[in-house]
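Enquirer: One structure follows; several queries about it will come next.
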Amino acid sequence: MVFELLKQQRRRRLRARPFPKDWLTLIQRHVVFFHRLSASDRAELLGHIQVFLAEKRFEGCGGFAITEEVRVTIAAQACLLLLHRKTDYFPGLLTILVYPVTYMVEEKRQLGEHVWEEGTVSRLGETGRRMGSLVLSWGAVKHGAADPSNGKNVVLHEFAHQLDFENHAADGVPGLATREQQLAWSEVMRSEFASLRAADESGIPTLLDTYGATDPVEFFAVSVEAFFERPHALRARHPGLYEELRNYFHQDPVEFSAEISPG
Ligand SMILES: [Zn+2]
């Protein structure tokens, strides 16, 4: 408990530190949603970024050099997920690995009971519950920061997985406060996931990325991307899903979204 108290104290000090001017310039230049947040949300975000950057390690891969721009652009987007909530700053995550563009991995994918597909696939990012690390492609990170309303954001996606892991299971359910919230969540997610699967199979266009039809874990991550990037459309077309995410995040992204046309 002493350790916990010291940790809280250290984080309070980090949040209260004057925010470095050159970091702020980089955020203002590269992270478009920042300008749309309220003044109090901007201040809260900058405090979280200070803690995040003090606690997480960054490592460049494939010859990529980590710069201040890389660190703050990733931190600013990841910390959007932490606003308005009590947070432990993605406790399972120690290191963020960054590749210059997409990176290739060997993958074996099950297509049917006895059918496997093997090959090299390109990825924009990944993370796992026991990895302690999260992998990102800088190209995708930069693109995500520059366009806050196309429905895709690799940083929000991968860090949503980290939130999912916080309650000790990778199951598409983050730590929810109450039993009622858990029940409402599982009911909404089950039916929304089923309809995304059905739409994916029949080729009906969807607001949610059909990658979310893979499993409930990916469903949660793509829902978080839509929640922050296409909140008007998500609220109109999937009100129950929007509501559960709003309750969990204590945020209402329609208030600051750059999304132009709902629907
Ligand atoms: Zn994912």
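Here's how to read the names in the structure tokens: chain A, B, ... by the order shown, residue numbers from 1 in each chain, ligand numbers from 1 in the order shown.
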Residues within 9 Å of ligand 1, counting only C-alpha atoms and all ligand atoms: report them as a ChimeraX atom specification.
Expert: /A:125-127,154,157-158,160-161,211-212,217-222
Enquirer: Output the selection as a compact mmCIF listing (two decimals), in the first residue's frame - N, CA, C and O atoms for each residue.
Expert:
```txt
# COMPACT_ATOMS: atom_id res chain seq x y z
N GLY A 125 -0.49 -2.73 -36.31
CA GLY A 125 -0.30 -2.70 -34.86
C GLY A 125 -0.77 -3.97 -34.23
O GLY A 125 -1.50 -4.75 -34.85
N GLU A 126 -0.34 -4.24 -33.01
CA GLU A 126 -0.85 -5.38 -32.26
C GLU A 126 -0.45 -5.25 -30.80
O GLU A 126 0.47 -4.52 -30.44
N THR A 127 -1.18 -5.98 -29.98
CA THR A 127 -0.79 -6.08 -28.58
C THR A 127 -1.41 -7.35 -28.04
O THR A 127 -2.29 -7.93 -28.67
N VAL A 154 -5.36 3.45 -35.26
CA VAL A 154 -4.62 2.28 -34.75
C VAL A 154 -4.24 2.45 -33.29
O VAL A 154 -4.20 1.47 -32.54
N HIS A 157 -7.31 1.80 -31.23
CA HIS A 157 -7.60 0.37 -31.34
C HIS A 157 -6.72 -0.46 -30.41
O HIS A 157 -7.22 -1.25 -29.60
N GLU A 158 -5.42 -0.27 -30.50
CA GLU A 158 -4.51 -1.10 -29.70
C GLU A 158 -4.61 -0.79 -28.20
O GLU A 158 -4.54 -1.69 -27.37
N ALA A 160 -7.29 0.31 -26.75
CA ALA A 160 -8.57 -0.25 -26.30
C ALA A 160 -8.36 -1.69 -25.86
O ALA A 160 -8.92 -2.14 -24.86
N HIS A 161 -7.52 -2.44 -26.59
CA HIS A 161 -7.20 -3.80 -26.15
C HIS A 161 -6.58 -3.79 -24.76
O HIS A 161 -6.88 -4.63 -23.92
N TYR A 211 -13.71 -5.98 -39.41
CA TYR A 211 -12.66 -6.70 -38.68
C TYR A 211 -13.17 -7.04 -37.27
O TYR A 211 -12.77 -8.03 -36.67
N GLY A 212 -14.09 -6.21 -36.78
CA GLY A 212 -14.71 -6.45 -35.48
C GLY A 212 -15.56 -7.72 -35.43
O GLY A 212 -15.91 -8.19 -34.35
N VAL A 217 -13.26 -9.56 -28.81
CA VAL A 217 -12.11 -8.72 -28.47
C VAL A 217 -11.90 -7.65 -29.53
O VAL A 217 -11.76 -6.45 -29.22
N GLU A 218 -11.92 -8.06 -30.80
CA GLU A 218 -11.76 -7.09 -31.89
C GLU A 218 -13.01 -6.22 -32.02
O GLU A 218 -12.92 -5.05 -32.38
N PHE A 219 -14.16 -6.79 -31.67
CA PHE A 219 -15.39 -6.00 -31.73
C PHE A 219 -15.30 -4.80 -30.79
O PHE A 219 -15.65 -3.68 -31.15
N PHE A 220 -14.79 -5.03 -29.59
CA PHE A 220 -14.64 -3.92 -28.64
C PHE A 220 -13.68 -2.87 -29.20
O PHE A 220 -13.97 -1.67 -29.19
N ALA A 221 -12.56 -3.30 -29.74
CA ALA A 221 -11.55 -2.35 -30.24
C ALA A 221 -12.08 -1.52 -31.42
O ALA A 221 -11.89 -0.30 -31.46
N VAL A 222 -12.80 -2.14 -32.35
CA VAL A 222 -13.31 -1.35 -33.48
C VAL A 222 -14.48 -0.46 -33.03
O VAL A 222 -14.68 0.63 -33.57
```
Enquirer: Looking only at alpha helix (DSSP H) from DSSP on the backbone, list the matching residues of segment 26-242 of chain A as a count of residues only.
Expert: 105
Enquirer: Rounded to one decimal in Å, what is the spacing between atom CA of Phe228 of chain A and atom CA of Pro253 of chain A?
Expert: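 A separation of 5.7 Å between them.
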Enquirer: Using Å and a single decimal, report how far atom CA of Thr210 of chain A sits from atom CA of Lys142 of chain A.
Expert: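 Spanning atom CA of Lys142 of chain A to atom CA of Thr210 of chain A is a straight-line distance of 22.7 Å.
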Enquirer: Excluding Arg190 of chain A and residues on its chain fewer than 3 positions from it, collect all residues at most 12 Å away from it, counting only C-alpha atoms, and give them as a PyMOL selection string.
Expert: chain A and resi 171-173+182-187+193-197+213+215-217+219-220+240-241
Enquirer: Going by DSSP on the backbone, which bits of segment 115-195 of chain A are strand (DSSP E)? Write them as a ChimeraX atom specification, please.
Expert: /A:116-123,125-127,133-137
Enquirer: Of the residues A:Val135, A:Gln8, A:Ala43, A:Thr87, which is the one nearest to Gly62 of chain A, using only C-alpha atoms?
Expert: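 Closest candidate: A:Val135.
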Enquirer: Report the distance between atom CA of Ile260 of chain A and atom CA of Phe227 of chain A in Å, rounded to one decimal place.
Expert: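 These atoms are spaced 14.4 Å apart.
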Enquirer: Residues at most 9 Å from Thr95 of chain A, counting only C-alpha atoms, excluding those fewer than 4 positions away in the same chain, as a list of chain:residue names?
Expert: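 The residues satisfying every condition are A:Lys56, A:Arg57, A:Phe58, A:Glu59, A:Gly132, A:Ser133, A:Leu134, A:Val135.
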Enquirer: Can you list, as a list in words, every protein, DNA or RNA residue that comes within 10 Å of segment 13-22 of chain A when you count only C-alpha atoms, leaving out same-chain residues fewer than 3 positions away?
Expert: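 Counting only C-alpha atoms, the residues come to Lys7, Gln8, Gln9, Arg10, Thr25, Leu26, Ile27, Gln28, Ala43, Glu44, Leu45, Leu46, Gly47, His48, Ile49, Gln50, Val51, Phe52, Leu53, Ala54, Glu68 and Glu69 of chain A.
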Enquirer: Measuring between only C-alpha atoms, which one of A:Ala75, A:Val188, A:Ala233, A:Val101 shows the shortest distance to Val155 of chain A?
Expert: A:Ala75
Enquirer: Considering only C-alpha atoms, state which residue in the set A:Leu97, A:Val31, A:Ala177, A:Cys79 is at the smallest distance from Ile66 of chain A.
Expert: A:Leu97
Enquirer: A:Gln181, A:Ser257, A:Thr102, A:Asn167: which is nearest Pro148 of chain A, counting only C-alpha atoms?
Expert: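 Smallest distance to Pro148 of chain A is found for A:Ser257.
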Enquirer: Using only C-alpha atoms, find the one residue out of A:Arg130, A:Gln162, A:Ala76, A:Gly203 that sits nearest to Pro91 of chain A.
Expert: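 Smallest separation from Pro91 of chain A among the options: A:Gln162.
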Enquirer: With distances taken over only C-alpha atoms, which of A:Leu234, A:Arg246, A:Phe34, A:Ser202 is nearest to Thr73 of chain A?
Expert: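 Counting only C-alpha atoms, the residue closest to Thr73 of chain A is A:Phe34.
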